[in-house]
Amino acid sequence: MQYWIMGAGGIGCALAETLAARGDSVLLFSRAQPRLSDLAWAAVEWHAVDNADSAALAQICNELALPDAVINTLGMLQQGSQQPEKRIEQVTEAAFHNSLHINTWPTLAMAQYLSSRLTRTDHLHFAALSARVGSISDNRAGGWYSYRVSKAALNMAIKTISIEWQRRFPNAYIVGLHPGTVATELSAPFRASLSEGQLHTPLQAAQHLLQVLDNVTAEQSGRVWAWDGQEVLP
């Protein structure tokens, strides 16, 4: 199978490594060159692009055949001076827009592009990394306004795209994937309180996510699935 992977962070690179090891081919889209093993580079083709720039993304993708699957691994919890908000007074318009731009928009941009090329007979799987904190019904702690809202918006985007695709492209589907807490830069400041076994390596996360994605069916399109195969409620 051929995969397009958006983002070359810890999970994106681990997915590329895992897919290459099992014999799949990977096209990886990221601004910075990914750090991969020599073995992975034999099966991975890198394209330098900002995944949040829909025009630049489309320009590159127009030259490529559609893949079997697309996985968007982009996600941002803190960036520079932007930190997760504990109180509503800490929310800024700039931080809110930045969270939406990184956590929500790239999935919409890729779905928009794919929709311009898909046909009713095309089989394509699209997955975007979400987070349990984007679940409205599961929100018991509060805080993290920009991140929570952007992930909830992502989940709604996934659901809405799935409804449209069921009508237009019945053989394509889209789901959200919750990787759990993974040892990447995103989670680095928030690991101290984790109990043993709660923190996954990027390689473990990649293996879990691919196992879930390999078993998702078209009937499950529009829903969010955790790394252990359990559904994340809206």
# chains A, B, ... in the order shown; residues from 1 in each chain; ligands from 1
$ residues_around --residues "Ala52 (chain A)" --least-positions-apart "3" --cutoff "8 Å" --atoms "only C-alpha atoms" --output "VMD selection string"
chain A and resid 57 101 to 102 105 to 106 109
$ residues_around --residues "Cys61 (chain A)" --least-positions-apart "5" --cutoff "10 Å" --atoms "only C-alpha atoms" --output "list in words"
Trp4, Phe29, His47, Ala55, Ala56, Leu66, Met110, Tyr113 and Leu114 of chain A
$ write_last_selection --atoms "C-alpha atoms" --output "compact mmCIF listing (two decimals), in the first residue's frame"
# COMPACT_ATOMS: atom_id res chain seq x y z
CA TRP A 4 0.76 9.88 2.48
CA PHE A 29 4.98 15.86 3.74
CA HIS A 47 8.24 16.45 0.01
CA ALA A 55 -2.24 25.90 -2.18
CA ALA A 56 1.31 24.58 -1.70
CA LEU A 66 -3.72 9.17 -5.14
CA MET A 110 -6.35 17.72 2.66
CA TYR A 113 -7.95 18.46 -2.05
CA LEU A 114 -8.82 14.76 -2.00
$ select_by_dssp --residues "region 4-196 of chain A" --states "helix (DSSP H, G or I)" --output "NGL selection string"
:A and (10-21 or 38-41 or 54-61 or 88-90 or 93-103 or 105-115 or 132-134 or 145-168 or 188-190)
$ select_by_dssp --residues "region 39-228 of chain A" --states "strand (DSSP E)" --output "list in words"
Val44, Glu45, Trp46, His47, Ala48, Ala69, Val70, Ile71, Asn72, Leu124, His125, Phe126, Ala127, Ala128, Leu129, Ala172, Tyr173, Ile174, Val175, Gly176, Leu177, His178, Thr181, Val182, Leu199, His200, Val224, Trp225 and Ala226 of chain A
$ write_last_selection --atoms "N, CA and C atoms" --output "CSV table (one decimal), in the first residue's frame"
chain,number,residue,atom,x,y,z
A,44,VAL,N,10.7,5.7,1.7
A,44,VAL,CA,10.1,6.9,2.0
A,44,VAL,C,10.6,8.0,1.0
A,45,GLU,N,9.6,8.8,0.5
A,45,GLU,CA,9.9,9.9,-0.4
A,45,GLU,C,9.4,11.2,0.4
A,46,TRP,N,10.3,12.1,0.5
A,46,TRP,CA,10.0,13.3,1.3
A,46,TRP,C,9.7,14.5,0.4
A,47,HIS,N,8.6,15.2,0.7
A,47,HIS,CA,8.2,16.4,0.0
A,47,HIS,C,8.2,17.6,1.0
A,48,ALA,N,9.0,18.6,0.8
A,48,ALA,CA,9.0,19.8,1.7
A,48,ALA,C,7.8,20.7,1.4
A,69,ALA,N,-4.0,5.4,1.5
A,69,ALA,CA,-4.3,6.0,2.8
A,69,ALA,C,-3.5,7.3,3.0
A,70,VAL,N,-4.1,8.2,3.8
A,70,VAL,CA,-3.5,9.4,4.2
A,70,VAL,C,-3.6,9.5,5.7
A,71,ILE,N,-2.5,9.8,6.4
A,71,ILE,CA,-2.6,10.0,7.9
A,71,ILE,C,-2.0,11.4,8.2
A,72,ASN,N,-2.8,12.2,8.8
A,72,ASN,CA,-2.4,13.5,9.3
A,72,ASN,C,-1.9,13.4,10.7
A,124,LEU,N,-10.2,4.9,-0.4
A,124,LEU,CA,-9.1,5.7,0.2
A,124,LEU,C,-9.5,5.8,1.7
A,125,HIS,N,-8.5,5.7,2.6
A,125,HIS,CA,-8.6,5.8,4.0
A,125,HIS,C,-7.9,7.1,4.4
A,126,PHE,N,-8.6,7.9,5.2
A,126,PHE,CA,-8.0,9.1,5.7
A,126,PHE,C,-8.2,9.2,7.2
A,127,ALA,N,-7.0,9.3,7.9
A,127,ALA,CA,-7.1,9.4,9.4
A,127,ALA,C,-6.3,10.6,9.8
A,128,ALA,N,-6.8,11.3,10.9
A,128,ALA,CA,-6.2,12.4,11.4
A,128,ALA,C,-6.0,12.2,12.9
A,129,LEU,N,-4.9,12.5,13.5
A,129,LEU,CA,-4.6,12.4,14.9
A,129,LEU,C,-5.4,13.4,15.7
A,172,ALA,N,-14.6,5.7,0.2
A,172,ALA,CA,-13.6,6.4,1.0
A,172,ALA,C,-14.2,6.6,2.4
A,173,TYR,N,-13.3,6.7,3.3
A,173,TYR,CA,-13.7,7.0,4.7
A,173,TYR,C,-12.7,7.8,5.4
A,174,ILE,N,-13.1,8.5,6.5
A,174,ILE,CA,-12.2,9.3,7.3
A,174,ILE,C,-12.5,9.0,8.8
A,175,VAL,N,-11.5,8.9,9.6
A,175,VAL,CA,-11.6,8.7,11.0
A,175,VAL,C,-10.6,9.6,11.8
A,176,GLY,N,-10.9,9.7,13.1
A,176,GLY,CA,-9.9,10.3,14.0
A,176,GLY,C,-9.2,9.2,14.7
A,177,LEU,N,-8.0,9.5,15.1
A,177,LEU,CA,-7.2,8.5,15.9
A,177,LEU,C,-6.6,9.2,17.1
A,178,HIS,N,-6.8,8.6,18.3
A,178,HIS,CA,-6.3,9.2,19.5
A,178,HIS,C,-5.1,8.3,19.9
A,181,THR,N,-0.9,9.1,25.3
A,181,THR,CA,0.2,10.0,25.6
A,181,THR,C,1.5,9.4,25.1
A,182,VAL,N,2.1,10.1,24.2
A,182,VAL,CA,3.3,9.6,23.5
A,182,VAL,C,4.5,10.4,23.9
A,199,LEU,N,2.8,6.1,29.3
A,199,LEU,CA,3.5,6.8,28.3
A,199,LEU,C,4.0,5.8,27.2
A,200,HIS,N,3.6,6.0,26.0
A,200,HIS,CA,4.0,5.2,24.9
A,200,HIS,C,5.2,5.8,24.1
A,224,VAL,N,-14.1,8.7,16.1
A,224,VAL,CA,-12.7,8.8,16.6
A,224,VAL,C,-12.4,7.6,17.5
A,225,TRP,N,-11.2,7.0,17.1
A,225,TRP,CA,-10.8,5.7,17.8
A,225,TRP,C,-9.5,5.9,18.5
A,226,ALA,N,-9.5,5.4,19.7
A,226,ALA,CA,-8.3,5.4,20.5
A,226,ALA,C,-7.3,4.3,20.1
$ closest_residue --among "A:Thr73, A:Asn215, A:Asn51, A:Gln220" --to "Leu15 (chain A)" --atoms "only C-alpha atoms"
A:Thr73
$ closest_residue --among "A:Ser54, A:Ser221, A:Thr121, A:Ser99" --to "Leu77 (chain A)" --atoms "only C-alpha atoms"
A:Ser99
$ residues_around --residues "Pro234 (chain A)" --least-positions-apart "4" --cutoff "7 Å" --atoms "only C-alpha atoms" --output "number ranges by chain"
A: 135-137
$ write_last_selection --atoms "C-alpha atoms" --output "mmCIF file, in the first residue's frame"
data_model
loop_
_atom_site.group_PDB
_atom_site.id
_atom_site.type_symbol
_atom_site.label_atom_id
_atom_site.label_comp_id
_atom_site.auth_asym_id
_atom_site.auth_seq_id
_atom_site.Cartn_x
_atom_site.Cartn_y
_atom_site.Cartn_z
ATOM 1 C CA SER A 135 -14.325 14.989 23.568
ATOM 2 C CA ILE A 136 -17.025 17.286 24.958
ATOM 3 C CA SER A 137 -18.673 14.557 27.029
#
$ atom_distance --atom1 "CA of Gly180 (chain A)" --atom2 "CA of Ser115 (chain A)"
29.3 Å
$ closest_residue --among "A:Val49, A:Ile88, A:Ala111, A:Leu210" --to "Ser162 (chain A)" --atoms "only C-alpha atoms"
A:Ala111
$ closest_residue --among "A:His123, A:Arg167, A:Arg87, A:Arg148" --to "Leu100 (chain A)" --atoms "only C-alpha atoms"
A:Arg148
$ closest_residue --among "A:Gln83, A:Ser30, A:Ser146, A:Thr18" --to "Leu186 (chain A)" --atoms "only C-alpha atoms"
A:Gln83
$ residues_around --residues "Ala16 (chain A)" --least-positions-apart "6" --cutoff "10 Å" --atoms "only C-alpha atoms" --output "mmCIF file with all heavy atoms, in the first residue's frame"
data_model
loop_
_atom_site.group_PDB
_atom_site.id
_atom_site.type_symbol
_atom_site.label_atom_id
_atom_site.label_comp_id
_atom_site.auth_asym_id
_atom_site.auth_seq_id
_atom_site.Cartn_x
_atom_site.Cartn_y
_atom_site.Cartn_z
ATOM 1 N N TYR A 3 1.099 5.199 1.343
ATOM 2 C CA TYR A 3 0.584 6.119 2.344
ATOM 3 C C TYR A 3 1.142 7.517 2.099
ATOM 4 O O TYR A 3 2.319 7.671 1.737
ATOM 5 C CB TYR A 3 1.003 5.677 3.751
ATOM 6 C CG TYR A 3 0.288 4.459 4.262
ATOM 7 C CD1 TYR A 3 0.644 3.177 3.831
ATOM 8 C CD2 TYR A 3 -0.741 4.567 5.196
ATOM 9 C CE1 TYR A 3 -0.004 2.054 4.306
ATOM 10 C CE2 TYR A 3 -1.391 3.444 5.684
ATOM 11 C CZ TYR A 3 -1.021 2.197 5.236
ATOM 12 O OH TYR A 3 -1.664 1.077 5.713
ATOM 13 N N TRP A 4 0.297 8.506 2.318
ATOM 14 C CA TRP A 4 0.758 9.877 2.478
ATOM 15 C C TRP A 4 0.708 10.183 3.970
ATOM 16 O O TRP A 4 -0.319 9.971 4.622
ATOM 17 C CB TRP A 4 -0.152 10.872 1.754
ATOM 18 C CG TRP A 4 -0.062 10.835 0.261
ATOM 19 C CD1 TRP A 4 0.741 10.053 -0.510
ATOM 20 C CD2 TRP A 4 -0.840 11.634 -0.652
ATOM 21 N NE1 TRP A 4 0.512 10.301 -1.837
ATOM 22 C CE2 TRP A 4 -0.446 11.270 -1.964
ATOM 23 C CE3 TRP A 4 -1.823 12.608 -0.481
ATOM 24 C CZ2 TRP A 4 -1.009 11.863 -3.094
ATOM 25 C CZ3 TRP A 4 -2.388 13.198 -1.606
ATOM 26 C CH2 TRP A 4 -1.977 12.826 -2.894
ATOM 27 N N ILE A 5 1.807 10.680 4.519
ATOM 28 C CA ILE A 5 1.846 11.066 5.925
ATOM 29 C C ILE A 5 2.120 12.565 6.016
ATOM 30 O O ILE A 5 3.108 13.059 5.464
ATOM 31 C CB ILE A 5 2.914 10.278 6.701
ATOM 32 C CG1 ILE A 5 2.566 8.793 6.715
ATOM 33 C CG2 ILE A 5 3.036 10.796 8.130
ATOM 34 C CD1 ILE A 5 3.566 7.926 7.445
ATOM 35 N N ALA A 8 6.206 15.323 10.207
ATOM 36 C CA ALA A 8 7.371 14.471 10.484
ATOM 37 C C ALA A 8 7.843 14.636 11.917
ATOM 38 O O ALA A 8 9.048 14.661 12.192
ATOM 39 C CB ALA A 8 8.502 14.789 9.508
ATOM 40 N N ASP A 24 5.384 -1.249 2.939
ATOM 41 C CA ASP A 24 4.563 -0.218 2.303
ATOM 42 C C ASP A 24 5.449 0.933 1.837
ATOM 43 O O ASP A 24 6.570 1.111 2.316
ATOM 44 C CB ASP A 24 3.527 0.321 3.294
ATOM 45 C CG ASP A 24 2.521 -0.745 3.703
ATOM 46 O OD1 ASP A 24 1.895 -1.342 2.817
ATOM 47 O OD2 ASP A 24 2.384 -0.988 4.924
ATOM 48 N N SER A 25 4.949 1.721 0.901
ATOM 49 C CA SER A 25 5.675 2.912 0.455
ATOM 50 C C SER A 25 5.034 4.146 1.078
ATOM 51 O O SER A 25 3.829 4.178 1.326
ATOM 52 C CB SER A 25 5.667 3.020 -1.071
ATOM 53 O OG SER A 25 4.346 3.169 -1.570
ATOM 54 N N VAL A 26 5.854 5.156 1.333
ATOM 55 C CA VAL A 26 5.405 6.328 2.069
ATOM 56 C C VAL A 26 5.864 7.605 1.378
ATOM 57 O O VAL A 26 7.035 7.722 1.000
ATOM 58 C CB VAL A 26 5.964 6.322 3.513
ATOM 59 C CG1 VAL A 26 5.538 7.589 4.258
ATOM 60 C CG2 VAL A 26 5.518 5.073 4.264
ATOM 61 N N LEU A 27 4.941 8.525 1.217
ATOM 62 C CA LEU A 27 5.273 9.891 0.832
ATOM 63 C C LEU A 27 5.020 10.759 2.052
ATOM 64 O O LEU A 27 3.901 10.782 2.569
ATOM 65 C CB LEU A 27 4.415 10.367 -0.345
ATOM 66 C CG LEU A 27 4.915 10.014 -1.751
ATOM 67 C CD1 LEU A 27 4.917 8.504 -1.956
ATOM 68 C CD2 LEU A 27 4.057 10.675 -2.815
ATOM 69 N N LEU A 28 6.058 11.427 2.541
ATOM 70 C CA LEU A 28 5.977 12.172 3.775
ATOM 71 C C LEU A 28 6.056 13.669 3.480
ATOM 72 O O LEU A 28 6.972 14.132 2.801
ATOM 73 C CB LEU A 28 7.103 11.741 4.715
ATOM 74 C CG LEU A 28 6.939 12.059 6.198
ATOM 75 C CD1 LEU A 28 7.765 11.096 7.031
ATOM 76 C CD2 LEU A 28 7.343 13.473 6.514
ATOM 77 N N PRO A 34 12.663 14.931 7.565
ATOM 78 C CA PRO A 34 12.459 13.978 8.663
ATOM 79 C C PRO A 34 13.736 13.237 9.011
ATOM 80 O O PRO A 34 14.625 13.053 8.183
ATOM 81 C CB PRO A 34 11.400 13.020 8.092
ATOM 82 C CG PRO A 34 11.553 13.113 6.616
ATOM 83 C CD PRO A 34 11.965 14.529 6.327
ATOM 84 N N LEU A 36 15.019 9.849 9.696
ATOM 85 C CA LEU A 36 14.646 8.460 9.461
ATOM 86 C C LEU A 36 15.893 7.591 9.332
ATOM 87 O O LEU A 36 16.971 8.076 9.005
ATOM 88 C CB LEU A 36 13.811 8.336 8.182
ATOM 89 C CG LEU A 36 12.495 9.120 8.113
ATOM 90 C CD1 LEU A 36 11.903 9.017 6.720
ATOM 91 C CD2 LEU A 36 11.512 8.616 9.153
ATOM 92 N N SER A 37 15.714 6.307 9.551
ATOM 93 C CA SER A 37 16.805 5.362 9.371
ATOM 94 C C SER A 37 17.077 5.162 7.886
ATOM 95 O O SER A 37 16.240 5.460 7.027
ATOM 96 C CB SER A 37 16.440 4.020 10.017
ATOM 97 O OG SER A 37 15.358 3.419 9.317
ATOM 98 N N ALA A 40 14.412 3.026 6.332
ATOM 99 C CA ALA A 40 13.158 3.711 6.023
ATOM 100 C C ALA A 40 13.286 4.569 4.771
ATOM 101 O O ALA A 40 12.364 4.625 3.952
ATOM 102 C CB ALA A 40 12.723 4.564 7.207
ATOM 103 N N TRP A 41 14.419 5.237 4.614
ATOM 104 C CA TRP A 41 14.594 6.109 3.449
ATOM 105 C C TRP A 41 14.481 5.338 2.137
ATOM 106 O O TRP A 41 14.171 5.931 1.086
ATOM 107 C CB TRP A 41 15.939 6.831 3.511
ATOM 108 C CG TRP A 41 15.914 8.089 4.322
ATOM 109 C CD1 TRP A 41 16.626 8.372 5.441
ATOM 110 C CD2 TRP A 41 15.128 9.264 4.070
ATOM 111 N NE1 TRP A 41 16.335 9.632 5.914
ATOM 112 C CE2 TRP A 41 15.418 10.200 5.093
ATOM 113 C CE3 TRP A 41 14.198 9.601 3.086
ATOM 114 C CZ2 TRP A 41 14.819 11.455 5.146
ATOM 115 C CZ3 TRP A 41 13.590 10.843 3.142
ATOM 116 C CH2 TRP A 41 13.906 11.764 4.149
ATOM 117 N N ALA A 43 12.189 3.398 1.408
ATOM 118 C CA ALA A 43 10.771 3.288 1.067
ATOM 119 C C ALA A 43 10.026 4.597 1.231
ATOM 120 O O ALA A 43 8.826 4.654 0.977
ATOM 121 C CB ALA A 43 10.111 2.208 1.938
ATOM 122 N N VAL A 44 10.730 5.655 1.661
ATOM 123 C CA VAL A 44 10.085 6.933 1.952
ATOM 124 C C VAL A 44 10.556 8.006 0.985
ATOM 125 O O VAL A 44 11.753 8.149 0.730
ATOM 126 C CB VAL A 44 10.370 7.385 3.406
ATOM 127 C CG1 VAL A 44 9.782 8.778 3.658
ATOM 128 C CG2 VAL A 44 9.790 6.385 4.395
ATOM 129 N N GLU A 45 9.594 8.751 0.469
ATOM 130 C CA GLU A 45 9.884 9.906 -0.387
ATOM 131 C C GLU A 45 9.413 11.152 0.352
ATOM 132 O O GLU A 45 8.258 11.229 0.767
ATOM 133 C CB GLU A 45 9.155 9.756 -1.726
ATOM 134 C CG GLU A 45 9.371 10.899 -2.710
ATOM 135 C CD GLU A 45 8.599 10.662 -3.999
ATOM 136 O OE1 GLU A 45 8.564 9.500 -4.468
ATOM 137 O OE2 GLU A 45 8.008 11.632 -4.517
ATOM 138 N N LEU A 203 7.223 4.632 18.480
ATOM 139 C CA LEU A 203 7.119 3.370 17.741
ATOM 140 C C LEU A 203 5.928 2.553 18.232
ATOM 141 O O LEU A 203 5.183 1.978 17.422
ATOM 142 C CB LEU A 203 8.410 2.565 17.886
ATOM 143 C CG LEU A 203 8.467 1.250 17.092
ATOM 144 C CD1 LEU A 203 8.271 1.506 15.603
ATOM 145 C CD2 LEU A 203 9.794 0.530 17.351
ATOM 146 N N ALA A 206 2.796 4.192 16.868
ATOM 147 C CA ALA A 206 2.622 3.925 15.443
ATOM 148 C C ALA A 206 2.047 2.534 15.214
ATOM 149 O O ALA A 206 1.122 2.345 14.404
ATOM 150 C CB ALA A 206 3.961 4.077 14.724
#
$ closest_residue --among "A:Glu231, A:Asp68, A:Asp53, A:Glu219" --to "Leu118 (chain A)" --atoms "only C-alpha atoms"
A:Asp68
$ atom_distance --atom1 "CA of Leu209 (chain A)" --atom2 "CA of Gly229 (chain A)"
8.7 Å
$ decode --residues "region 141-152 of chain A" --atoms "C-alpha atoms" --output "CSV table (one decimal), in the first residue's frame"
chain,number,residue,atom,x,y,z
A,141,ALA,CA,-11.0,18.9,34.1
A,142,GLY,CA,-11.5,22.0,32.0
A,143,GLY,CA,-8.6,24.3,30.9
A,144,TRP,CA,-6.5,23.9,27.8
A,145,TYR,CA,-9.1,26.0,25.9
A,146,SER,CA,-7.4,26.5,22.6
A,147,TYR,CA,-6.3,22.9,22.3
A,148,ARG,CA,-9.6,21.4,23.4
A,149,VAL,CA,-11.6,23.6,21.1
A,150,SER,CA,-9.4,23.0,18.1
A,151,LYS,CA,-9.5,19.2,18.7
A,152,ALA,CA,-13.3,19.3,19.2
